[in-house]
>>> print(open('model_26.cif').read())   # mmCIF, C-alpha atoms and all ligand atoms
data_work
#
loop_
_atom_site.label_atom_id
_atom_site.label_comp_id
_atom_site.auth_asym_id
_atom_site.auth_seq_id
_atom_site.Cartn_x
_atom_site.Cartn_y
_atom_site.Cartn_z
CA MET O 1 18.03 -46.57 7.70
CA THR O 2 21.30 -46.36 5.77
CA ARG O 3 19.31 -46.21 2.55
CA MET O 4 17.53 -43.18 3.92
CA GLN O 5 20.81 -41.48 4.70
CA SER O 6 22.10 -39.36 1.89
CA GLN O 7 24.96 -40.48 -0.29
CA ILE O 8 25.56 -36.85 -1.12
CA GLU O 9 28.88 -35.74 0.22
CA VAL O 10 28.98 -32.78 2.56
CA PRO O 11 31.00 -30.15 0.71
CA ALA O 12 33.77 -28.09 2.28
CA GLY O 13 32.39 -25.05 4.08
CA VAL O 14 29.12 -26.76 5.01
CA HIS O 15 28.63 -27.54 8.67
CA LEU O 16 25.76 -29.70 9.79
CA PRO O 17 23.14 -29.09 10.94
CA ILE O 18 22.20 -26.36 8.48
CA TYR O 19 19.73 -23.76 9.67
CA MET O 20 17.22 -22.88 6.95
CA ASP O 21 14.20 -21.86 9.01
CA ASN O 22 14.75 -18.12 9.29
CA GLN O 23 11.03 -17.28 9.29
CA ALA O 24 10.68 -19.16 12.60
CA THR O 25 13.56 -17.29 14.19
CA CYS O 26 16.94 -15.94 13.17
CA PRO O 27 20.32 -16.48 14.76
CA LEU O 28 21.64 -13.48 16.66
CA ASP O 29 23.96 -11.34 14.55
CA PRO O 30 27.36 -11.24 16.34
CA ARG O 31 27.35 -7.45 15.98
CA VAL O 32 24.06 -7.37 17.90
CA LEU O 33 25.51 -9.48 20.70
CA GLU O 34 28.50 -7.17 20.89
CA ALA O 35 26.20 -4.16 21.31
CA MET O 36 24.21 -5.96 24.01
CA MET O 37 27.12 -7.23 26.11
CA PRO O 38 27.81 -4.07 28.16
CA CYS O 39 24.13 -3.95 29.23
CA LEU O 40 24.43 -7.51 30.50
CA THR O 41 27.58 -6.78 32.49
CA THR O 42 28.85 -3.38 33.63
CA ARG O 43 26.07 -1.13 32.32
CA PHE O 44 23.21 -2.85 34.09
CA GLY O 45 21.33 0.25 35.25
CA ASN O 46 17.58 0.74 35.28
CA PRO O 47 16.63 3.48 32.82
CA ALA O 48 13.95 4.63 35.26
CA SER O 49 16.62 5.46 37.86
CA ARG O 50 16.95 9.23 37.69
CA SER O 51 19.43 9.76 40.50
CA HIS O 52 22.71 8.28 39.21
CA SER O 53 24.83 7.63 36.17
CA PHE O 54 23.87 3.91 35.93
CA GLY O 55 20.30 4.96 35.23
CA TRP O 56 21.25 7.81 32.89
CA GLU O 57 23.49 5.51 30.85
CA ALA O 58 20.78 2.89 30.54
CA GLU O 59 18.24 5.51 29.51
CA GLN O 60 20.60 6.81 26.88
CA ALA O 61 21.12 3.30 25.49
CA VAL O 62 17.35 2.76 25.30
CA GLU O 63 16.77 6.09 23.56
CA THR O 64 19.46 5.32 20.99
CA ALA O 65 17.72 2.01 20.26
CA ARG O 66 14.36 3.76 20.03
CA ALA O 67 15.74 6.11 17.40
CA GLN O 68 17.30 3.21 15.48
CA ALA O 69 14.03 1.26 15.41
CA ALA O 70 12.04 4.37 14.44
CA GLN O 71 14.41 5.26 11.63
CA LEU O 72 14.05 1.86 9.97
CA ILE O 73 10.31 2.41 9.44
CA GLY O 74 10.21 6.19 8.95
CA ALA O 75 8.72 6.89 12.39
CA THR O 76 9.76 9.29 15.15
CA PRO O 77 11.30 7.85 18.33
CA GLN O 78 8.35 9.05 20.46
CA GLU O 79 6.08 6.78 18.42
CA MET O 80 7.86 3.54 19.40
CA VAL O 81 6.69 1.45 22.38
CA PHE O 82 8.99 -1.41 23.40
CA THR O 83 7.31 -4.74 24.14
CA SER O 84 8.27 -8.39 24.59
CA GLY O 85 7.78 -9.19 20.89
CA ALA O 86 5.39 -9.04 17.99
CA THR O 87 2.79 -11.17 19.81
CA GLU O 88 2.52 -8.60 22.56
CA SER O 89 2.64 -5.73 20.05
CA ASN O 90 -0.30 -7.25 18.16
CA ASN O 91 -2.25 -7.69 21.39
CA LEU O 92 -1.54 -4.11 22.42
CA ALA O 93 -2.50 -2.76 19.00
CA LEU O 94 -5.74 -4.67 18.49
CA LYS O 95 -7.06 -4.77 22.03
CA GLY O 96 -5.75 -1.28 22.72
CA VAL O 97 -7.51 0.24 19.70
CA ALA O 98 -10.65 -1.82 20.35
CA GLU O 99 -10.98 -0.61 23.92
CA ALA O 100 -10.11 3.00 23.17
CA ASN O 101 -12.55 3.20 20.23
CA ARG O 102 -15.40 1.17 21.65
CA LYS O 103 -17.80 4.14 21.42
CA ARG O 104 -16.98 4.74 17.76
CA GLY O 105 -17.66 1.22 16.57
CA ASN O 106 -17.12 -2.48 17.08
CA HIS O 107 -16.01 -3.76 13.67
CA ILE O 108 -12.48 -4.90 12.74
CA VAL O 109 -11.28 -6.13 9.34
CA THR O 110 -8.45 -8.65 9.01
CA GLN O 111 -7.64 -11.55 6.69
CA ALA O 112 -7.39 -15.32 6.75
CA THR O 113 -3.62 -15.84 6.57
CA GLU O 114 -2.65 -13.64 9.51
CA HIS O 115 -0.35 -15.01 12.19
CA ARG O 116 -2.06 -16.63 15.19
CA ALA O 117 -0.98 -13.59 17.21
CA VAL O 118 -3.56 -11.58 15.26
CA LEU O 119 -6.21 -14.25 14.62
CA ASP O 120 -6.39 -15.41 18.24
CA VAL O 121 -6.62 -11.82 19.47
CA CYS O 122 -9.54 -11.32 17.06
CA ARG O 123 -11.24 -14.45 18.41
CA ARG O 124 -10.89 -13.03 21.90
CA LEU O 125 -12.33 -9.68 20.83
CA GLU O 126 -15.32 -11.50 19.32
CA LYS O 127 -16.08 -12.81 22.81
CA PHE O 128 -16.19 -9.20 23.98
CA GLY O 129 -18.74 -8.20 21.36
CA PHE O 130 -16.53 -7.09 18.48
CA ARG O 131 -17.44 -8.13 14.96
CA ILE O 132 -14.50 -9.36 12.89
CA THR O 133 -14.38 -9.73 9.11
CA TYR O 134 -11.80 -12.30 7.98
CA LEU O 135 -11.16 -11.49 4.33
CA PRO O 136 -10.16 -14.34 2.01
CA VAL O 137 -6.95 -14.24 -0.02
CA LYS O 138 -6.50 -14.98 -3.71
CA ALA O 139 -4.81 -18.24 -4.76
CA ASP O 140 -1.48 -16.40 -4.69
CA GLY O 141 -1.97 -15.46 -1.03
CA LEU O 142 -2.62 -11.76 -1.62
CA VAL O 143 -5.54 -9.73 -0.33
CA ASP O 144 -7.41 -7.65 -2.88
CA PRO O 145 -7.44 -4.02 -1.62
CA GLU O 146 -10.88 -3.61 -3.22
CA GLU O 147 -12.16 -6.31 -0.86
CA VAL O 148 -10.80 -4.33 2.05
CA LYS O 149 -12.63 -1.26 0.77
CA ARG O 150 -15.90 -3.17 0.42
CA ALA O 151 -15.60 -4.56 3.94
CA LEU O 152 -15.40 -1.12 5.58
CA GLY O 153 -18.56 0.19 7.19
CA ALA O 154 -19.70 2.92 9.55
CA GLU O 155 -18.79 0.73 12.54
CA THR O 156 -15.27 -0.16 11.34
CA ILE O 157 -12.56 1.08 13.70
CA LEU O 158 -9.52 -0.89 12.52
CA VAL O 159 -8.03 -2.82 9.62
CA SER O 160 -5.23 -5.26 10.50
CA ILE O 161 -3.34 -6.77 7.55
CA MET O 162 0.15 -8.24 7.85
CA ALA O 163 2.97 -6.87 5.69
CA ALA O 164 4.62 -10.25 4.97
CA ASN O 165 3.33 -13.73 5.64
CA ASN O 166 5.48 -16.01 7.79
CA GLU O 167 4.70 -19.22 5.86
CA ILE O 168 4.57 -18.22 2.20
CA GLY O 169 6.33 -14.84 2.37
CA ALA O 170 3.46 -13.10 0.55
CA LEU O 171 3.93 -9.32 0.65
CA GLN O 172 0.50 -7.77 1.01
CA PRO O 173 -0.32 -4.54 -0.84
CA ILE O 174 -0.10 -2.50 2.35
CA GLY O 175 0.43 0.83 0.57
CA ALA O 176 -2.85 0.46 -1.31
CA ILE O 177 -4.66 -0.75 1.81
CA GLY O 178 -3.19 2.15 3.81
CA ARG O 179 -4.53 4.65 1.26
CA ILE O 180 -8.01 3.14 1.44
CA CYS O 181 -8.01 3.25 5.24
CA ARG O 182 -6.81 6.86 5.20
CA GLU O 183 -9.59 7.86 2.77
CA LYS O 184 -12.21 6.22 4.97
CA GLY O 185 -10.77 7.46 8.26
CA VAL O 186 -10.19 3.93 9.58
CA LEU O 187 -7.03 3.04 11.53
CA PHE O 188 -4.60 0.63 9.86
CA HIS O 189 -2.42 -1.82 11.81
CA SER O 190 0.15 -4.06 10.16
CA ASP O 191 1.94 -7.03 11.70
CA ALA O 192 5.28 -6.45 10.02
CA ALA O 193 7.36 -8.95 12.02
CA GLN O 194 8.52 -10.67 8.82
CA ALA O 195 8.75 -7.58 6.62
CA VAL O 196 10.67 -5.07 8.72
CA GLY O 197 14.34 -5.07 7.79
CA LYS O 198 13.70 -7.33 4.78
CA VAL O 199 11.71 -5.03 2.47
CA PRO O 200 11.34 -1.25 2.61
CA ILE O 201 8.54 -0.06 4.90
CA ASP O 202 7.67 3.54 5.60
CA VAL O 203 4.77 4.16 7.94
CA ASN O 204 3.98 7.50 6.30
CA ALA O 205 4.28 6.44 2.66
CA ASP O 206 2.37 3.23 3.42
CA GLY O 207 -0.34 4.92 5.50
CA ILE O 208 0.26 2.72 8.55
CA ASP O 209 -1.05 3.88 11.96
CA LEU O 210 0.20 0.96 14.09
CA LEU O 211 2.97 -1.52 13.25
CA SER O 212 4.30 -4.57 15.11
CA LEU O 213 7.88 -5.73 14.86
CA SER O 214 9.98 -8.39 16.57
CA GLY O 215 13.66 -8.62 17.53
CA HIS O 216 14.32 -12.26 16.74
CA LYS O 217 13.00 -12.08 13.18
CA ILE O 218 15.67 -9.52 12.28
CA TYR O 219 18.77 -11.18 13.82
CA GLY O 220 18.15 -9.55 17.18
CA PRO O 221 17.34 -11.26 20.50
CA LYS O 222 14.13 -13.07 21.41
CA GLY O 223 11.71 -11.59 23.92
CA VAL O 224 11.81 -8.05 22.61
CA GLY O 225 9.77 -6.18 20.04
CA ALA O 226 8.09 -2.86 19.45
CA LEU O 227 4.80 -1.32 18.51
CA TYR O 228 4.73 1.82 16.42
CA VAL O 229 1.78 4.04 17.37
CA ARG O 230 1.19 7.11 15.19
CA ARG O 231 1.15 10.37 17.14
CA ARG O 232 0.28 12.82 14.42
CA SER O 233 -2.47 12.97 11.75
CA PRO O 234 -4.11 11.13 13.24
CA ARG O 235 -2.99 10.82 16.85
CA VAL O 236 -3.85 7.19 17.62
CA ALA O 237 -5.39 6.45 21.00
CA ILE O 238 -4.83 3.02 22.55
CA THR O 239 -5.23 1.70 26.06
CA ALA O 240 -2.52 -0.28 27.86
CA ARG O 241 -2.57 -4.05 28.45
CA VAL O 242 0.03 -3.96 31.23
CA ASP O 243 -0.37 -1.36 33.97
CA GLY O 244 2.29 -0.60 36.53
CA GLY O 245 4.94 2.05 36.81
CA GLY O 246 3.84 4.02 33.77
CA HIS O 247 6.84 3.12 31.61
CA GLU O 248 6.69 3.69 27.85
CA ARG O 249 4.28 6.64 28.22
CA GLY O 250 1.98 4.48 30.28
CA LEU O 251 1.37 2.11 27.36
CA ARG O 252 3.57 -0.73 28.61
CA SER O 253 4.66 -0.75 32.23
CA GLY O 254 7.50 -2.80 33.60
CA THR O 255 11.25 -2.25 33.92
CA LEU O 256 12.66 -2.08 30.42
CA ASN O 257 14.53 -5.04 28.96
CA VAL O 258 17.60 -2.93 28.28
CA PRO O 259 19.87 -5.60 26.71
CA GLY O 260 17.01 -6.78 24.49
CA ILE O 261 16.07 -3.25 23.47
CA VAL O 262 19.68 -2.35 22.69
CA GLY O 263 19.93 -5.52 20.61
CA LEU O 264 16.72 -4.71 18.76
CA GLY O 265 18.02 -1.22 18.01
CA LYS O 266 21.32 -2.52 16.70
CA ALA O 267 19.52 -5.13 14.57
CA CYS O 268 17.39 -2.35 13.05
CA ALA O 269 20.46 -0.19 12.36
CA ILE O 270 22.21 -3.07 10.58
CA ALA O 271 19.10 -3.92 8.57
CA ARG O 272 18.69 -0.32 7.43
CA VAL O 273 22.16 -0.29 5.93
CA GLU O 274 22.30 -3.84 4.59
CA MET O 275 18.70 -4.60 3.59
CA GLU O 276 19.02 -3.80 -0.09
CA ALA O 277 22.15 -5.87 -0.74
CA GLU O 278 20.91 -8.67 1.52
CA SER O 279 17.57 -8.89 -0.27
CA ALA O 280 19.32 -9.14 -3.64
CA ARG O 281 21.58 -11.89 -2.34
CA LEU O 282 18.74 -13.86 -0.73
CA GLY O 283 16.55 -13.46 -3.81
CA ALA O 284 19.31 -14.97 -5.94
CA LEU O 285 19.86 -17.86 -3.49
CA ARG O 286 16.13 -18.53 -3.38
CA GLY O 287 16.02 -18.54 -7.19
CA ARG O 288 18.86 -21.04 -7.27
CA LEU O 289 17.13 -23.32 -4.75
CA GLN O 290 13.82 -23.15 -6.61
CA ALA O 291 15.46 -23.82 -10.00
CA THR O 292 17.27 -26.92 -8.70
CA LEU O 293 14.14 -28.31 -7.03
CA GLN O 294 11.90 -27.68 -10.03
CA GLY O 295 14.57 -28.84 -12.47
CA GLY O 296 15.26 -32.04 -10.55
CA LEU O 297 11.69 -33.08 -9.69
CA ASP O 298 8.29 -33.29 -11.30
CA GLY O 299 5.10 -33.03 -9.24
CA VAL O 300 6.08 -29.93 -7.31
CA CYS O 301 4.40 -26.57 -6.97
CA VAL O 302 5.27 -23.28 -5.35
CA ASN O 303 2.75 -21.95 -2.84
CA GLY O 304 2.10 -18.23 -2.93
CA SER O 305 2.99 -15.42 -5.28
CA MET O 306 6.51 -15.34 -6.70
CA GLU O 307 6.14 -11.68 -7.70
CA SER O 308 5.20 -10.26 -4.33
CA ARG O 309 7.24 -12.28 -1.87
CA LEU O 310 9.93 -12.03 0.80
CA PRO O 311 13.26 -12.68 -0.93
CA GLY O 312 14.32 -15.39 1.55
CA ASN O 313 11.13 -17.47 1.46
CA LEU O 314 10.24 -20.49 -0.63
CA ASN O 315 7.26 -22.71 0.14
CA MET O 316 6.80 -25.78 -2.02
CA SER O 317 4.58 -28.84 -2.14
CA PHE O 318 6.15 -32.15 -3.15
CA PHE O 319 3.41 -34.39 -4.42
CA GLY O 320 3.14 -37.77 -2.68
CA VAL O 321 5.72 -36.95 0.00
CA GLU O 322 4.56 -36.06 3.48
CA ALA O 323 6.40 -33.06 4.85
CA GLU O 324 7.17 -34.98 8.05
CA SER O 325 8.85 -37.81 6.12
CA LEU O 326 10.83 -35.41 3.99
CA MET O 327 12.06 -33.47 6.99
CA MET O 328 13.05 -36.73 8.65
CA ALA O 329 15.00 -37.76 5.55
CA VAL O 330 16.94 -34.49 5.60
CA SER O 331 17.03 -34.34 9.37
CA ASN O 332 20.26 -32.39 9.64
CA VAL O 333 18.72 -29.53 7.71
CA ALA O 334 16.35 -27.33 9.69
CA LEU O 335 13.25 -26.80 7.54
CA SER O 336 9.64 -26.47 8.49
CA SER O 337 6.16 -27.49 7.49
CA GLY O 338 3.64 -24.80 8.20
CA SER O 339 4.64 -22.28 10.79
CA ALA O 340 6.60 -23.10 13.94
CA CYS O 341 3.51 -22.30 15.97
CA THR O 342 0.97 -24.45 14.16
CA SER O 343 3.26 -27.36 13.25
CA ALA O 344 3.12 -28.60 16.86
CA ALA O 345 -0.65 -28.96 16.48
CA HIS O 346 -0.19 -31.24 13.43
CA GLU O 347 -3.06 -29.56 11.63
CA PRO O 348 -2.71 -28.50 8.03
CA SER O 349 -1.65 -24.90 7.90
CA HIS O 350 -4.49 -22.37 7.88
CA VAL O 351 -2.41 -20.31 5.46
CA LEU O 352 -2.11 -23.04 2.83
CA ARG O 353 -5.78 -23.87 3.25
CA ALA O 354 -6.66 -20.22 2.63
CA LEU O 355 -4.82 -20.47 -0.71
CA GLY O 356 -7.21 -23.26 -1.64
CA LEU O 357 -4.83 -26.19 -1.13
CA ASP O 358 -6.49 -29.44 -0.11
CA ASP O 359 -5.30 -31.04 3.14
CA LYS O 360 -3.25 -33.66 1.33
CA THR O 361 -1.25 -31.12 -0.64
CA ALA O 362 -0.88 -28.90 2.41
CA HIS O 363 0.64 -31.85 4.28
CA CYS O 364 3.24 -32.17 1.50
CA SER O 365 4.45 -28.59 1.86
CA ILE O 366 7.82 -27.40 3.09
CA ARG O 367 8.99 -23.93 3.97
CA PHE O 368 12.58 -23.02 3.13
CA GLY O 369 13.57 -19.93 5.10
CA LEU O 370 16.83 -18.47 3.84
CA GLY O 371 18.62 -15.89 5.93
CA ARG O 372 21.66 -13.70 6.42
CA PHE O 373 24.02 -16.55 7.29
CA ASN O 374 23.05 -19.07 4.61
CA THR O 375 25.58 -19.57 1.83
CA GLU O 376 25.44 -20.74 -1.77
CA VAL O 377 27.15 -24.06 -0.96
CA GLU O 378 24.54 -24.70 1.72
CA VAL O 379 21.71 -23.97 -0.71
CA ASP O 380 23.17 -26.31 -3.33
CA TYR O 381 23.68 -29.03 -0.76
CA VAL O 382 20.16 -28.72 0.64
CA ALA O 383 18.64 -28.69 -2.84
CA ALA O 384 20.51 -31.86 -3.79
CA ARG O 385 19.51 -33.55 -0.55
CA VAL O 386 15.84 -32.69 -1.01
CA VAL O 387 15.77 -33.82 -4.65
CA SER O 388 17.32 -37.15 -3.73
CA ALA O 389 15.11 -37.63 -0.66
CA VAL O 390 11.90 -36.87 -2.57
CA LYS O 391 12.85 -39.34 -5.29
CA ARG O 392 13.63 -42.05 -2.74
CA LEU O 393 10.47 -41.46 -0.74
CA ARG O 394 8.37 -41.56 -3.88
CA GLU O 395 9.79 -44.96 -4.76
CA LEU O 396 8.42 -46.24 -1.46
CA VAL O 397 4.81 -45.25 -2.12
CA PRO O 398 2.64 -45.89 -5.16
CA ARG O 399 1.80 -42.72 -7.00
CA ASP O 400 -1.66 -41.38 -7.48
CA GLU O 401 -1.49 -39.87 -10.94
CA ALA O 402 -4.83 -38.08 -10.72
CA ALA O 403 -3.88 -36.30 -7.51
CA LYS O 404 -0.50 -35.41 -8.98
CA SER O 405 -1.93 -33.71 -12.04
CA SER O 406 -4.54 -31.87 -9.99
CA MET O 407 -1.78 -30.50 -7.82
CA GLU O 408 0.27 -29.43 -10.82
CA LEU O 409 -2.83 -27.71 -12.20
CA ALA O 410 -3.27 -25.85 -8.93
CA GLY O 411 0.35 -24.72 -9.10
CA GLU O 412 -0.11 -23.61 -12.71
CA ARG O 413 -3.21 -21.62 -11.78
CA VAL O 414 -1.27 -19.75 -9.10
CA ARG O 415 1.61 -19.05 -11.46
CA ARG O 416 -0.66 -17.66 -14.16
CA ARG O 417 -2.50 -15.40 -11.76
CA GLY O 418 0.86 -14.21 -10.40
C1 LIG O 501 7.12 -14.43 14.62
C2 LIG O 501 5.90 -13.67 14.27
C3 LIG O 501 5.07 -13.15 15.27
C4 LIG O 501 5.35 -13.37 16.75
O1 LIG O 501 6.47 -12.63 17.14
P1 LIG O 501 7.13 -12.89 18.59
O2 LIG O 501 8.13 -11.77 18.68
O3 LIG O 501 7.77 -14.22 18.51
O4 LIG O 501 6.06 -12.78 19.59
C5 LIG O 501 3.96 -12.45 14.90
N1 LIG O 501 3.65 -12.26 13.61
C6 LIG O 501 4.42 -12.74 12.61
C7 LIG O 501 4.04 -12.49 11.19
C8 LIG O 501 5.56 -13.47 12.91
O5 LIG O 501 6.30 -13.96 11.93
#
>>> encode(input="model_26.cif", output="structure tokens")
Amino acid sequence: MTRMQSQIEVPAGVHLPIYMDNQATCPLDPRVLEAMMPCLTTRFGNPASRSHSFGWEAEQAVETARAQAAQLIGATPQEMVFTSGATESNNLALKGVAEANRKRGNHIVTQATEHRAVLDVCRRLEKFGFRITYLPVKADGLVDPEEVKRALGAETILVSIMAANNEIGALQPIGAIGRICREKGVLFHSDAAQAVGKVPIDVNADGIDLLSLSGHKIYGPKGVGALYVRRRSPRVAITARVDGGGHERGLRSGTLNVPGIVGLGKACAIARVEMEAESARLGALRGRLQATLQGGLDGVCVNGSMESRLPGNLNMSFFGVEAESLMMAVSNVALSSGSACTSAAHEPSHVLRALGLDDKTAHCSIRFGLGRFNTEVEVDYVAARVVSAVKRLRELVPRDEAAKSSMELAGERVRRRG
């Protein structure tokens, strides 16, 4: 195994293991932890307690967080429902709209590269008699808004299109889709777990009626999220998934996760202030990583659009090198193949397949997820490690020239289409 270990020296300022999987989850920002600490210790009250200061304090903390989350997406605080994360928010949005609008229609439009937390909900709704249209994406991972328009019919009650993809970072044209939905009087939900706090989103400018977000994708805690539900023009009706004490305007019962909610709020407040500078920094780091990988290796291609993409995301296929082997060779760098959720299943990613990649190429794909705490020295070190590992692994297996050129052609096609 010594041959497989890198001869590349670990530079000063780099501590192993390196975390570069920020689309799976983000580390907690220390400022978020600081904001949460009082709620975990002395300020432990239940915000539903109306008879003493412990309850009032907790309620105040929750309402501050609600305003912080709302402000990040251009919503009003009354439109935010706290949940356990984006998975629950997606369930509440889709099933809630479906149940509340059953009499109006039974058709929902979504697209092939959604997160499982949307696709699996759609599968469930199909069992209950809803008809789902799964739109294809172009080779660059983007949905054509005209296709959305064509898919709408008299029975359509909801369009659900994610803002940013978790595997390839593709930023969908949600503004254009929102306008189409508004024109046709169809509700528009967006799973924005990856986009919120990374790229500007405004529910009014983008015509969004429901939006899911998650704490741990924006340097907040796990197990907390929110669903934005529009209250004005139109007022969106949804039914609850969890009944109980009538918390969150009856839309999500259960004692509020005060530390989590406070952390989510703080994470949103930080993102609002720092998003622009952070995006510029991550975009530059991503460019540096991509340039080193493409400069140092042939037989590579980038998956997904480079023009409309999350700044911290890079997804690349390395011809002839299985993602699993590559990750093993750089085992003290946290990278991922496919999404965290599907990689356990060992199936090729449904996202990469939707781009038109064959299984073999999909199995050679790696996601680099750069985040707030990654540094330039880390990026340079990881790039060097990957280049050297790919070269070494390729020496071990005979190369299939035909497959290599077909993969390069596929990459070229995506680049030209943008
Ligand atoms: C992570 C993620 C989810 C799930 O969010 P949880 O808060 O972990 O439930 C849903 N959609 C997208 C796009 C994600 O990236």
>>> residues_near_ligand(input="model_26.cif", ligand="ligand LIG 501 (chain O)", cutoff="9 Å", atoms="only C-alpha atoms and all ligand atoms", output="ChimeraX atom specification")
/O:23-25,83-90,114-118,162-167,191-195,212-217,222-226,339-341
>>> closest_residue(input="model_26.cif", among="O:Leu72, O:Ile261, O:Ile18, O:Ile157", to="Arg385 in chain O", atoms="only C-alpha atoms")
O:Ile18
>>> atom_distance(input="model_26.cif", atom1="CA of Glu146 in chain O", atom2="CA of Asp359 in chain O")
28.7 Å
>>> residues_near_point(input="model_26.cif", point="(-17.8, -1.0, 5.5)", cutoff="10 Å", atoms="all atoms listed in the file", output="count of residues only")
15
>>> residues_around(input="model_26.cif", residues="Val382 in chain O", least_positions_apart="2", cutoff="12 Å", atoms="only C-alpha atoms", output="ChimeraX atom specification")
/O:6,8-11,14-20,285-286,288-290,292-293,326-327,329-335,368-370,374-380,384-389
>>> atom_distance(input="model_26.cif", atom1="CA of Met306 in chain O", atom2="CA of His350 in chain O")
19.6 Å
>>> closest_residue(input="model_26.cif", among="O:Lys138, O:Arg272, O:Arg131, O:Arg249", to="Gln78 in chain O", atoms="only C-alpha atoms")
O:Arg249
>>> closest_residue(input="model_26.cif", among="O:Tyr219, O:Trp56, O:Tyr381, O:Phe130", to="Gly260 in chain O", atoms="all atoms listed in the file")
O:Tyr219
>>> residues_around(input="model_26.cif", residues="Glu248 in chain O", least_positions_apart="4", cutoff="8 Å", atoms="all atoms listed in the file", output="NGL selection string")
:O and (81-82 or 252-253)
>>> atom_distance(input="model_26.cif", atom1="CA of Pro234 in chain O", atom2="CA of Ser308 in chain O")
29.2 Å
>>> closest_residue(input="model_26.cif", among="O:Leu94, O:Met275, O:Leu297, O:Ala58", to="Thr41 in chain O", atoms="only C-alpha atoms")
O:Ala58
>>> closest_residue(input="model_26.cif", among="O:Gly265, O:Pro145, O:Gly245, O:Gly55", to="Ile218 in chain O", atoms="all atoms listed in the file")
O:Gly265
>>> closest_residue(input="model_26.cif", among="O:Thr64, O:Ser190, O:Asn22, O:Gln7", to="Asn313 in chain O", atoms="all atoms listed in the file")
O:Asn22
>>> residues_around(input="model_26.cif", residues="Ile132 in chain O", least_positions_apart="6", cutoff="10 Å", atoms="only C-alpha atoms", output="compact mmCIF listing (two decimals) with C-alpha atoms, in the frame of the given file")
# COMPACT_ATOMS: atom_id res chain seq x y z
CA ASN O 106 -17.12 -2.48 17.08
CA HIS O 107 -16.01 -3.76 13.67
CA ILE O 108 -12.48 -4.90 12.74
CA VAL O 109 -11.28 -6.13 9.34
CA THR O 110 -8.45 -8.65 9.01
CA GLN O 111 -7.64 -11.55 6.69
CA LEU O 119 -6.21 -14.25 14.62
CA CYS O 122 -9.54 -11.32 17.06
CA ARG O 123 -11.24 -14.45 18.41
CA LEU O 125 -12.33 -9.68 20.83
CA GLU O 126 -15.32 -11.50 19.32
CA THR O 156 -15.27 -0.16 11.34
CA LEU O 158 -9.52 -0.89 12.52
CA VAL O 159 -8.03 -2.82 9.62
>>> residues_near_point(input="model_26.cif", point="(-0.1, 2.2, 1.2)", cutoff="6 Å", atoms="all atoms listed in the file", output="compact mmCIF listing (two decimals) with C-alpha atoms, in the coordinates of the input")
# COMPACT_ATOMS: atom_id res chain seq x y z
CA ILE O 174 -0.10 -2.50 2.35
CA GLY O 175 0.43 0.83 0.57
CA ALA O 176 -2.85 0.46 -1.31
CA ILE O 177 -4.66 -0.75 1.81
CA GLY O 178 -3.19 2.15 3.81
CA ARG O 179 -4.53 4.65 1.26
CA ASP O 206 2.37 3.23 3.42
CA GLY O 207 -0.34 4.92 5.50
>>> axis_aligned_box(input="model_26.cif", around="range 60-77 of chain O", padding_each_side="4 Å", output="lines of an AutoDock Vina configuration file")
center_x = 14.9
center_y = 5.3
center_z = 17.9
size_x = 20.4
size_y = 16.0
size_z = 25.9
